[in-house]
4 protein chains.
Amino acid sequence: MYGQKRIRDYGITIGSLETGKRNAITDVAGVKVGHSTLSKRSMQTGVTAIIPHQGSLFKEKLIATSYVINGFGKTMGTIQMNELGTLETPILLTNTLSIGTAADAVIDYMLDHNQEIGRSTGTVNPIIGECNDMVLNDIRARYIEKRHVFEAMESASTDFKEGTAGAGTGMLCYSLKGGIGSSSRKMEMKHGDYTLGVLVLSNFGTLGDLTVNGNAVGKKLISLIGETGEKKDKGSIMIIAATDLPVSDRQLKRIIKRAVTGLSRTGSIITTGSGEIIIGFSTATRIEHDKPHDHLSIPTIHEEDIDIAFRAIGEAVEEALLNSLVTATQVIGRDGQTRPALGDLLEKYDIQL
Amino acid sequence: MYGQKRIRDYGITIGSLETGKRNAITDVAGVKVGHSTLSKRSMQTGVTAIIPHQGSLFKEKLIATSYVINGFGKTMGTIQMNELGTLETPILLTNTLSIGTAADAVIDYMLDHNQEIGRSTGTVNPIIGECNDMVLNDIRARYIEKRHVFEAMESASTDFKEGTAGAGTGMLCYSLKGGIGSSSRKMEMKHGDYTLGVLVLSNFGTLGDLTVNGNAVGKKLISLIGETGEKKDKGSIMIIAATDLPVSDRQLKRIIKRAVTGLSRTGSIITTGSGEIIIGFSTATRIEHDKPHDHLSIPTIHEEDIDIAFRAIGEAVEEALLNSLVTATQVIGRDGQTRPALGDLLEKYDIQL
Amino acid sequence: MYGQKRIRDYGITIGSLETGKRNAITDVAGVKVGHSTLSKRSMQTGVTAIIPHQGSLFKEKLIATSYVINGFGKTMGTIQMNELGTLETPILLTNTLSIGTAADAVIDYMLDHNQEIGRSTGTVNPIIGECNDMVLNDIRARYIEKRHVFEAMESASTDFKEGTAGAGTGMLCYSLKGGIGSSSRKMEMKHGDYTLGVLVLSNFGTLGDLTVNGNAVGKKLISLIGETGEKKDKGSIMIIAATDLPVSDRQLKRIIKRAVTGLSRTGSIITTGSGEIIIGFSTATRIEHDKPHDHLSIPTIHEEDIDIAFRAIGEAVEEALLNSLVTATQVIGRDGQTRPALGDLLEKYDIQL
Amino acid sequence: MYGQKRIRDYGITIGSLETGKRNAITDVAGVKVGHSTLSKRSMQTGVTAIIPHQGSLFKEKLIATSYVINGFGKTMGTIQMNELGTLETPILLTNTLSIGTAADAVIDYMLDHNQEIGRSTGTVNPIIGECNDMVLNDIRARYIEKRHVFEAMESASTDFKEGTAGAGTGMLCYSLKGGIGSSSRKMEMKHGDYTLGVLVLSNFGTLGDLTVNGNAVGKKLISLIGETGEKKDKGSIMIIAATDLPVSDRQLKRIIKRAVTGLSRTGSIITTGSGEIIIGFSTATRIEHDKPHDHLSIPTIHEEDIDIAFRAIGEAVEEALLNSLVTATQVIGRDGQTRPALGDLLEKYDIQL
């Protein structure tokens with residue numbers, strides 16, 4: 001994406017399934033991603049927006065669900081998403097202390113686009129995810145304003161920057177610079193060809209655990225540069241998964257729950273302070289907001305078709321995470337804090353992955 | 001059912017929706033119920049079988065789910081039911097210490113009817129529910145044998161006995177004789193007329209809490225006959241809900257979760273020792289065991305259609321519970337233990353409900 | 001409270017347990033409640049704050065948990081509360097579209113009081129609940145500002161107004177004026193006397209279902225005044241439960257889950273559009289934010305002690321709900337919309353409860 | 001254990017924490033494991049018993065919980081375990097179609113040892129886990145009898161056989177011979193030294209995914225010997241985790257949920273047909289069956305102490321799984337079916353791990 005050097009450009013192939021054209025969440029037709037990036041001295045933060053489809057999100061809801069790997073996180077909107085199995089807004093990612101602002105802005109945006117909300121129909125359920133970027137960013141300063149949230153939504157595109165961008169601007173991962181990463185996988189079934197894409201906002205882990213395709217890269221780096229950060233993980237990871245596979249929300253939950261296999265293979269032990277939350281949606285069906293006369297007819301795969309989606313999400317999450325690391329560029333933030341970028345280290349020490 | 005005097009025969013109408021023809025779970029087309037009753041001195045126990053449809057249960061699975069109101073219970077089979085959202089066997093109810101025997105018998109039955117299980121396909125997931133009938137029944141004697149389980153399944157019919165029958169033989173409820181009860185409700189929607197039926201195995205509560213359609217009958221009875229049993233509730237209730245409404249397993253879980261509204265209106269406070277578990281299934285869709293070439297297309301109601309089903313299950317559970325009480329007949333069991341039958345008390349003391 | 005006429009003043013006694021001194025959530029020592037009320041023409045909304053204890057909420061966390069009766073709601077903060085079993089902020093209630101503002105304000109408040117947040121320690125998890133007051137309030141106008149949230153927190157007291165106050169200003173319940181209600185119960189155990197208190201923000205239901213202590217008052221009112229509102233319920237209820245009982249978060253979840261028994265006895269069928277969410281906390285133990293050298297020692301009741309708490313919460317929720325109805329006063333809001341106050345109707349038609 | 005060649009004997013060290021003395025679940029004081037092995041032609045099955053402590057299991061319950069990674073499994077007893085957070089029986093593992101027999105036998109055993117069950121106190125909740133051994137074992141023949149279950153419990157010891165033993169006799173894993181494996185980790189905290197041990201019954205996966213400490217061993221084996229089994233995974237894994245760490249059941253659930261990190265690192269994608277269920281218990285506290293006069297005081301770690309337990313279980317599960325593979329010996333079972341033993345392949349092809 002965006003001409004950035006990604007993990008495959010280092011000769012690493014994760015898993016066995018083919019990627020989509022962009023190898024990104026935007027390989028799922030209709031999905032777009034936008035950023036608002038604030039990067040200047042102590043201000044190292046931002047907003048990332050995932051737009052699930054290009055119609056009216058409120059009037060044509062998508063089947064959606066969420067799964068909590070570890071709940072030390074403040075993600076908003078999952079209660080209703082899990083009860084009703086649907087998504088009706090963009091998904092926004094930002095820093096932990098800006099979730100209120102982001103919610104407020106998404107509500108503004110939805111009210112603007114849907115005059116009937118709060119009048120002839122009920123309210124709206126914004127989905128906001130977050131990670132804590134307090135090491136590089138002065139998170140107490142609350143830099144995010146509503147206009148940044150609007151900017152992220154309005155700039156959404158099928159092509160987007162990874163690494164140090166949007167909500168990923170100030171994030172750390174495995175004691176290195178982290179941030180935004182993406183990847184996708186194709187899934188061939190007898191009844192059609194489908195795609196599953198993921199986007200991660202990576203912000204967890206300590207260097208010694210980093211594993212790249214089975215290779216204990218973190219331990220090698222420690223032998224070269226020593227420990228680079230806190231020994232105590234206070235991070236998080238947000239994972240957004242999109243697919244055009246026809247699934248029920250139960251099947252979708254089964255799929256996104258497997259994101260943890262990819263995470264684990266990068267070395268994660270899922271520490272207590274790490275909010276690790278996945279939000280998934282399928283573009284295969286649009287559920288009308290207004291009740292039709294007839295019942296619905298929901299296309300779903302047979303359960304015996306699902307294993308390839310389990311494999312796809314594990315591979316895509318593992319690769320998206322690695323993409324977030326190798327595309328991230330170093331920033332110098334609050335109090336001069338910084339963390340090395342993996343790409344720089346690989347080049348400097350001439351490490352083969 | 002079976003010419004027994006039911007709660008409506010006492011002039012009590014629960015709620016506002018119409019009942020099905022039999023006012024029983026068997027108003028849902030294809031559902032049958034059978035009993036095996038063991039009633040002789042210290043042996044006051046039995047088995048009740050609910051057959052969800054009349055085809056091959058294993059090869060044509062139904063959408064199904066379960067919900068735990070309170071988990072002090074030993075119900076088997078819910079893990080897989082919740083993961084896959086399907087039911088593939090009859091549902092059996094018996095006493096707590098006979099669940100192993102019941103599981104064994106259902107496995108025998110399923111192997112007999114499906115030569116491919118354990119050969120060309122995997123295994124089978126029996127669903128066994130239970131309540132503890134130790135006051136009236138010598139539960140340590142383990143009277144239930146496999147033949148009783150077979151008898152319950154083989155005798156299943158659309159007409160069945162309530163009260164002191166099958167698994168309900170030795171059960172107590174609100175310190176009175178409890179057991180099997182059933183009721184149903186009709187649900188009119190624009191796209192069709194549907195039915196929801198429930199069967200309860202009632203075995204919980206203490207007399208002072210019993211409420212009949214808002215009337216504190218339990219307190220009146222205590223003023224007449226004193227406390228009749230233990231003050232400490234060690235009971236349980238199993239609730240089986242069937243419907244022909246086209247629903248996803250998520251929607252079905254939302255529906256069966258509302259069973260608690262009906263229970264609460266009879267006076268339940270859901271004590272710690274009471275296993276209260278609901279198993280629900282829909283006959284609207286049959287999911288083939290073998291994967292088809294194409295994806296599935298699952299008919300489901302729009303979420304805005306669901307409120308009538310929420311009302312239906314609350315009313316049907318409340319009425320089924322009251323039916324279990326008024327149809328139950330007194331038995332003298334282990335160590336001469338007994339509990340009065342509500343029907344007898346109403347007559348003896350000429351109480352108007 | 002506040003000299004308002006409450007349900008007991010109508011001669012109604014709910015259940016059998018004794019109430020605390022104020023018969024309110026503030027009978028639990030340390031708990032305080034504050035309101036900010038905005039009531040003027042189309043602006044009929046507000047904020048209610050529950051302060052769980054009078055020490056440093058962040059540094060001395062309480063054991064806490066949440067339970068979703070029905071998830072059509074936007075409550076924030078439950079993911080972390082459920083993962084860690086603790087509460088570290090006040091609990092705020094407001095209208096659905098003001099949750100972002102409320103979150104932002106609570107974050108401000110917590111940053112002000114805890115300089116280490118976002119510096120030497122991680123972030124903070126605000127708890128915001130909401131109901132939709134769009135019928136009486138112009139919810140799209142977003143009247144709530146941060147200063148109202150601060151006002152609610154700063155005005156918190158052991159004595160507080162019920163009915164049309166704070167977040168309850170614009171709420172409807174059973175097609176009547178709803179809002180804030182509270183009640184409490186005492187629980188005697190061998191090892192001590194304890195209190196459980198609840199506060200509800202009531203905003204759900206249709207008139208025909210309203211039941212007062214077993215009495216079908218809603219149906220009587222319809223015969224007198226006709227239907228008063230929409231037939232379709234788009235409401236919600238938030239329930240906050242406080243206790244000084246020593247419990248684990250698992251035990252607390254078991255307790256608050258029983259709130260539904262009280263709700264059901266007032267007539268609720270828990271419609272699909274009603275967000276019904278309970279947040280519970282215990283003041284018995286304070287968990288230090290900073291890790292001590294030794295392990296903790298958590299006082300908890302033995303499971304066999306818990307039934308009285310199950311009874312207490314059902315009774316307190318039922319009574320709090322009825323208190324919210326009889327203390328509410330009529331308002332004329334957006335587009336001249338109004339709903340009768342139950343107290344006025346009882347007086348006007350001389351109805352005995 | 002038992003002089004078998006384990007994964008460390010191949011020079012492989014998993015993770016960074018030290019193991020306990022035996023590197024087995026029995027490093028947790030009081031835990032014992034026993035087998036009953038049935039291995040003869042088409043009969044390749046058995047029973048494994050884990051005895052959690054050496055006192056009265058029913059009268060002195062342990063804090064316990066379960067977690068479902070994937071629910072295509074028939075494990076019994078988890079509903080009550082999760083509601084009450086306690087364990088009151090041995091844990092038994094066997095083949096899928098013998099769970100009824102195993103439950104029946106455990107009930108016999110518990111009734112024998114506790115005359116008050118079903119008389120002066122309630123019933124008992126047996127915990128039975130299972131995997132499907134139908135490839136090597138004639139599972140339809142139902143070879144397991146109660147006496148085998150008793151034998152497993154009665155032969156329990158701190159030293160026990162891994163691989164092709166007990167319930168592991170007929171199991172397959174990664175298309176190789178699987179079965180029983182165990183491992184443990186030590187956890188040093190300021191307030192004490194603790195141990196966490198796991199036992200796995202491995203029966204899932206296909207050869208191409210097998211990864212040993214980051215090394216794609218499965219793909220190498222395919223290049224040497226071709227695919228060895230079904231491409232379709234119908235397996236399962238049961239994981240039992242024991243610890244002497246003082247934890248609440250919520251903390252314990254957080255810990256056992258991390259078992260998936262270890263599984264993932266061996267290559268698992270968690271296929272749909274694989275029942276993957278974890279049961280965990282802590283020996284740190286015994287909860288009396290009978291209610292004491294006073295409340296309890298439960299020792300638990302502070303949440304900030306928990307990360308080492310998360311690391312420990314991931315490492316121990318990964319190592320236990322590998323131990324199950326390298327200790328397993330080949331059997332020729334039903335219809336002459338067999339699967340190679342990993343140990344044999346490593347030797348034959350002189351593969352360095």
# chains A, B, ... in the order shown; residues from 1 in each chain; ligands from 1
call {"tool": "select_by_dssp", "arguments": {"residues": "region 11-110 of chain A", "states": "alpha helix (DSSP H)", "output": "ChimeraX atom specification"}}
result
/A:78-84,99-110
call {"tool": "select_by_dssp", "arguments": {"residues": "region 59-285 of chain A", "states": "strand (DSSP E)", "output": "compact mmCIF listing (two decimals) with N, CA, C and O atoms, in the first residue's frame"}}
result
# COMPACT_ATOMS: atom_id res chain seq x y z
N GLU A 60 -28.88 0.60 5.77
CA GLU A 60 -28.54 -0.73 5.27
C GLU A 60 -27.42 -1.28 6.16
O GLU A 60 -26.25 -1.07 5.91
N LYS A 61 -27.84 -1.94 7.19
CA LYS A 61 -26.87 -2.40 8.20
C LYS A 61 -26.16 -3.68 7.72
O LYS A 61 -26.71 -4.44 6.95
N LEU A 62 -24.98 -3.89 8.23
CA LEU A 62 -24.25 -5.12 7.91
C LEU A 62 -24.29 -6.07 9.10
O LEU A 62 -24.34 -5.64 10.26
N ILE A 63 -24.24 -7.34 8.81
CA ILE A 63 -24.06 -8.34 9.87
C ILE A 63 -22.68 -8.14 10.47
O ILE A 63 -21.69 -8.00 9.75
N ALA A 64 -22.63 -8.08 11.80
CA ALA A 64 -21.38 -7.72 12.47
C ALA A 64 -21.35 -8.30 13.87
O ALA A 64 -22.40 -8.65 14.44
N THR A 65 -20.19 -8.39 14.43
CA THR A 65 -20.05 -8.86 15.81
C THR A 65 -18.69 -8.45 16.34
O THR A 65 -17.87 -7.91 15.60
N SER A 66 -18.48 -8.69 17.62
CA SER A 66 -17.19 -8.37 18.20
C SER A 66 -16.75 -9.50 19.11
O SER A 66 -17.56 -10.34 19.52
N TYR A 67 -15.48 -9.53 19.42
CA TYR A 67 -14.96 -10.53 20.33
C TYR A 67 -13.84 -9.90 21.14
O TYR A 67 -12.99 -9.19 20.61
N VAL A 68 -13.87 -10.15 22.43
CA VAL A 68 -12.87 -9.60 23.34
C VAL A 68 -11.82 -10.66 23.66
O VAL A 68 -12.12 -11.65 24.32
N ILE A 69 -10.61 -10.49 23.18
CA ILE A 69 -9.52 -11.40 23.56
C ILE A 69 -9.11 -11.06 25.00
O ILE A 69 -9.01 -11.94 25.84
N ASN A 70 -8.88 -9.79 25.26
CA ASN A 70 -8.64 -9.33 26.62
C ASN A 70 -9.29 -7.96 26.78
O ASN A 70 -9.11 -7.09 25.94
N GLY A 71 -10.02 -7.80 27.89
CA GLY A 71 -10.92 -6.66 27.98
C GLY A 71 -10.36 -5.41 28.66
O GLY A 71 -11.15 -4.57 29.05
N THR A 86 -25.54 -6.47 14.23
CA THR A 86 -25.41 -5.55 13.10
C THR A 86 -24.54 -4.34 13.43
O THR A 86 -24.36 -3.98 14.59
N LEU A 87 -24.07 -3.72 12.35
CA LEU A 87 -23.23 -2.52 12.39
C LEU A 87 -23.95 -1.45 11.60
O LEU A 87 -24.46 -1.72 10.51
N ILE A 91 -16.48 2.64 11.68
CA ILE A 91 -15.72 2.21 12.85
C ILE A 91 -14.54 3.17 12.99
O ILE A 91 -13.79 3.37 12.03
N LEU A 92 -14.40 3.76 14.16
CA LEU A 92 -13.33 4.74 14.37
C LEU A 92 -12.32 4.22 15.38
O LEU A 92 -12.72 3.63 16.39
N LEU A 93 -11.06 4.47 15.13
CA LEU A 93 -9.99 4.13 16.07
C LEU A 93 -9.25 5.40 16.45
O LEU A 93 -8.97 6.23 15.58
N THR A 94 -8.91 5.52 17.73
CA THR A 94 -8.16 6.70 18.17
C THR A 94 -7.46 6.38 19.49
O THR A 94 -7.38 5.21 19.89
N ASN A 95 -6.95 7.42 20.19
CA ASN A 95 -6.31 7.14 21.47
C ASN A 95 -7.35 7.03 22.59
O ASN A 95 -8.47 7.52 22.46
N ILE A 127 -19.35 2.99 16.91
CA ILE A 127 -18.33 1.98 17.26
C ILE A 127 -16.97 2.68 17.30
O ILE A 127 -16.47 3.12 16.27
N ILE A 128 -16.42 2.76 18.49
CA ILE A 128 -15.13 3.44 18.67
C ILE A 128 -14.16 2.50 19.37
O ILE A 128 -14.46 2.00 20.46
N GLY A 129 -13.03 2.27 18.74
CA GLY A 129 -11.97 1.48 19.37
C GLY A 129 -10.79 2.37 19.72
O GLY A 129 -10.66 3.48 19.20
N GLU A 130 -9.93 1.88 20.60
CA GLU A 130 -8.82 2.75 21.05
C GLU A 130 -7.62 1.94 21.49
O GLU A 130 -7.76 0.78 21.88
N CYS A 131 -6.46 2.57 21.43
CA CYS A 131 -5.27 2.09 22.14
C CYS A 131 -4.63 3.30 22.83
O CYS A 131 -4.91 4.44 22.49
N LEU A 172 3.06 1.86 19.93
CA LEU A 172 4.25 1.02 20.05
C LEU A 172 3.82 -0.44 19.98
O LEU A 172 2.74 -0.78 20.42
N CYS A 173 4.71 -1.29 19.50
CA CYS A 173 4.37 -2.70 19.46
C CYS A 173 5.64 -3.51 19.61
O CYS A 173 6.61 -3.29 18.87
N LEU A 176 8.81 -1.67 19.82
CA LEU A 176 9.24 -0.96 18.62
C LEU A 176 8.11 0.00 18.23
O LEU A 176 7.07 0.03 18.85
N LYS A 177 8.32 0.78 17.17
CA LYS A 177 7.23 1.61 16.68
C LYS A 177 6.19 0.71 16.03
O LYS A 177 6.52 -0.13 15.20
N GLY A 179 1.64 0.56 14.98
CA GLY A 179 0.64 1.38 14.32
C GLY A 179 -0.32 0.59 13.46
O GLY A 179 -0.77 -0.48 13.85
N ILE A 180 -0.60 1.10 12.28
CA ILE A 180 -1.59 0.51 11.38
C ILE A 180 -0.94 -0.53 10.47
O ILE A 180 0.14 -0.30 9.92
N GLY A 181 -1.60 -1.68 10.33
CA GLY A 181 -1.16 -2.69 9.38
C GLY A 181 -2.37 -3.37 8.78
O GLY A 181 -3.44 -3.37 9.39
N SER A 182 -2.21 -3.94 7.61
CA SER A 182 -3.36 -4.59 6.98
C SER A 182 -2.90 -5.76 6.14
O SER A 182 -1.71 -5.88 5.80
N SER A 183 -3.83 -6.64 5.85
CA SER A 183 -3.53 -7.80 5.00
C SER A 183 -4.86 -8.44 4.61
O SER A 183 -5.90 -8.15 5.20
N SER A 184 -4.85 -9.30 3.61
CA SER A 184 -6.09 -9.99 3.23
C SER A 184 -5.79 -11.39 2.70
O SER A 184 -4.63 -11.72 2.41
N ARG A 185 -6.82 -12.20 2.62
CA ARG A 185 -6.70 -13.55 2.09
C ARG A 185 -7.92 -13.86 1.21
O ARG A 185 -9.03 -13.41 1.51
N LYS A 186 -7.69 -14.62 0.17
CA LYS A 186 -8.79 -15.09 -0.68
C LYS A 186 -9.23 -16.48 -0.22
O LYS A 186 -8.43 -17.29 0.25
N MET A 187 -10.53 -16.73 -0.36
CA MET A 187 -11.09 -18.02 0.08
C MET A 187 -11.95 -18.58 -1.05
O MET A 187 -13.01 -18.04 -1.35
N GLU A 188 -11.49 -19.66 -1.65
CA GLU A 188 -12.26 -20.27 -2.73
C GLU A 188 -13.22 -21.32 -2.17
O GLU A 188 -12.79 -22.22 -1.45
N MET A 189 -14.48 -21.18 -2.52
CA MET A 189 -15.45 -22.21 -2.15
C MET A 189 -16.20 -22.63 -3.41
O MET A 189 -16.10 -21.96 -4.43
N GLY A 192 -18.42 -19.84 -4.70
CA GLY A 192 -17.93 -18.50 -4.99
C GLY A 192 -16.55 -18.25 -4.41
O GLY A 192 -16.04 -19.04 -3.61
N ASP A 193 -15.95 -17.17 -4.85
CA ASP A 193 -14.65 -16.75 -4.32
C ASP A 193 -14.86 -15.56 -3.41
O ASP A 193 -15.54 -14.60 -3.79
N TYR A 194 -14.27 -15.61 -2.24
CA TYR A 194 -14.51 -14.59 -1.23
C TYR A 194 -13.18 -14.05 -0.72
O TYR A 194 -12.13 -14.65 -0.92
N THR A 195 -13.28 -12.93 -0.01
CA THR A 195 -12.09 -12.29 0.53
C THR A 195 -12.31 -11.95 1.99
O THR A 195 -13.42 -11.60 2.40
N LEU A 196 -11.27 -12.08 2.78
CA LEU A 196 -11.30 -11.61 4.17
C LEU A 196 -10.11 -10.69 4.36
O LEU A 196 -8.98 -11.06 4.01
N GLY A 197 -10.37 -9.50 4.89
CA GLY A 197 -9.29 -8.54 5.11
C GLY A 197 -9.27 -8.07 6.55
O GLY A 197 -10.32 -8.00 7.20
N VAL A 198 -8.10 -7.74 7.04
CA VAL A 198 -8.03 -7.21 8.41
C VAL A 198 -7.19 -5.94 8.44
O VAL A 198 -6.32 -5.73 7.59
N LEU A 199 -7.50 -5.12 9.40
CA LEU A 199 -6.69 -3.95 9.72
C LEU A 199 -6.39 -4.01 11.21
O LEU A 199 -7.29 -4.25 12.01
N VAL A 200 -5.13 -3.82 11.56
CA VAL A 200 -4.79 -3.79 12.99
C VAL A 200 -4.25 -2.43 13.38
O VAL A 200 -3.65 -1.72 12.56
N LEU A 201 -4.52 -2.10 14.61
CA LEU A 201 -3.86 -0.95 15.26
C LEU A 201 -3.02 -1.60 16.37
O LEU A 201 -3.55 -2.03 17.40
N SER A 202 -1.71 -1.69 16.13
CA SER A 202 -0.87 -2.52 17.01
C SER A 202 -0.17 -1.67 18.06
O SER A 202 0.40 -0.62 17.75
N ASN A 203 -0.22 -2.13 19.30
CA ASN A 203 0.28 -1.31 20.41
C ASN A 203 0.54 -2.15 21.66
O ASN A 203 0.18 -1.76 22.75
N SER A 236 -2.18 -2.55 23.77
CA SER A 236 -3.46 -3.03 23.30
C SER A 236 -3.33 -3.35 21.83
O SER A 236 -2.37 -2.95 21.18
N ILE A 237 -4.32 -4.05 21.31
CA ILE A 237 -4.44 -4.15 19.86
C ILE A 237 -5.91 -4.13 19.49
O ILE A 237 -6.73 -4.79 20.13
N MET A 238 -6.25 -3.34 18.49
CA MET A 238 -7.57 -3.35 17.90
C MET A 238 -7.46 -4.06 16.56
O MET A 238 -6.52 -3.77 15.79
N ILE A 239 -8.38 -4.96 16.30
CA ILE A 239 -8.39 -5.66 15.02
C ILE A 239 -9.76 -5.48 14.38
O ILE A 239 -10.77 -5.75 15.01
N ILE A 240 -9.76 -5.00 13.15
CA ILE A 240 -11.00 -4.89 12.39
C ILE A 240 -10.94 -5.92 11.27
O ILE A 240 -9.95 -5.96 10.53
N ALA A 241 -11.96 -6.76 11.17
CA ALA A 241 -11.99 -7.79 10.13
C ALA A 241 -13.20 -7.58 9.24
O ALA A 241 -14.31 -7.42 9.73
N ALA A 242 -12.98 -7.58 7.94
CA ALA A 242 -14.07 -7.42 6.97
C ALA A 242 -14.05 -8.62 6.02
O ALA A 242 -12.99 -9.17 5.73
N THR A 243 -15.24 -9.03 5.59
CA THR A 243 -15.30 -10.12 4.61
C THR A 243 -16.54 -9.97 3.77
O THR A 243 -17.51 -9.33 4.20
N GLY A 275 -5.63 -4.25 26.00
CA GLY A 275 -6.99 -4.40 25.49
C GLY A 275 -6.94 -4.96 24.08
O GLY A 275 -6.42 -4.30 23.19
N GLU A 276 -7.47 -6.14 23.90
CA GLU A 276 -7.36 -6.79 22.59
C GLU A 276 -8.76 -7.14 22.13
O GLU A 276 -9.37 -8.08 22.62
N ILE A 277 -9.25 -6.37 21.20
CA ILE A 277 -10.65 -6.43 20.82
C ILE A 277 -10.78 -6.48 19.31
O ILE A 277 -10.07 -5.77 18.61
N ILE A 278 -11.66 -7.35 18.85
CA ILE A 278 -11.86 -7.54 17.42
C ILE A 278 -13.28 -7.17 17.05
O ILE A 278 -14.23 -7.56 17.74
N ILE A 279 -13.41 -6.45 15.95
CA ILE A 279 -14.72 -6.12 15.41
C ILE A 279 -14.76 -6.65 13.99
O ILE A 279 -13.85 -6.36 13.20
N GLY A 280 -15.79 -7.43 13.69
CA GLY A 280 -15.88 -8.02 12.36
C GLY A 280 -17.20 -7.69 11.71
O GLY A 280 -18.22 -7.53 12.39
N PHE A 281 -17.19 -7.58 10.40
CA PHE A 281 -18.45 -7.38 9.67
C PHE A 281 -18.38 -8.09 8.32
O PHE A 281 -17.29 -8.34 7.80
N SER A 282 -19.55 -8.43 7.81
CA SER A 282 -19.64 -9.04 6.49
C SER A 282 -20.45 -8.14 5.58
O SER A 282 -21.53 -7.68 5.94
N THR A 283 -19.94 -7.92 4.38
CA THR A 283 -20.66 -7.07 3.41
C THR A 283 -21.62 -7.88 2.55
O THR A 283 -22.25 -7.33 1.65
N ALA A 284 -21.75 -9.18 2.84
CA ALA A 284 -22.55 -10.04 1.96
C ALA A 284 -24.04 -9.73 2.02
O ALA A 284 -24.77 -9.98 1.06
N THR A 285 -24.51 -9.22 3.11
CA THR A 285 -25.94 -8.98 3.29
C THR A 285 -26.15 -7.60 3.86
O THR A 285 -25.41 -7.18 4.75
call {"tool": "interface_residues", "arguments": {"of": "chain A", "to": "chain C", "cutoff": "8 Å", "atoms": "only C-alpha atoms", "output": "PyMOL selection string"}}
result
chain A and resi 68+70-77+79-80+82-84+96-104+107+111+117-119+122-125+132+134-135+138-140+234
call {"tool": "closest_residue", "arguments": {"among": "B:His289, B:Ile308, B:Ala24, B:Gly85", "to": "Asp249 (chain A)", "atoms": "only C-alpha atoms"}}
result
B:Gly85
call {"tool": "residues_around", "arguments": {"residues": "Ala328 (chain B)", "least_positions_apart": "3", "cutoff": "6 Å", "atoms": "only C-alpha atoms", "output": "list in words"}}
result
Gly163, Thr164, Lys177, Gly178, Leu325 and Ala341 of chain B
call {"tool": "residues_around", "arguments": {"residues": "Ala49 (chain D)", "least_positions_apart": "4", "cutoff": "8 Å", "atoms": "only C-alpha atoms", "output": "MDAnalysis selection string"}}
result
chainID D and resid 33:35 90:93 149 152:153 156
call {"tool": "residues_around", "arguments": {"residues": "Leu346 (chain C)", "least_positions_apart": "5", "cutoff": "12 Å", "atoms": "only C-alpha atoms", "output": "ChimeraX atom specification"}}
result
/C:7,10,217-218,220-221,224-225,325-327,340-341,351-353
call {"tool": "atom_distance", "arguments": {"atom1": "CA of Ser297 (chain B)", "atom2": "CA of Ile301 (chain A)"}}
result
8.4 Å
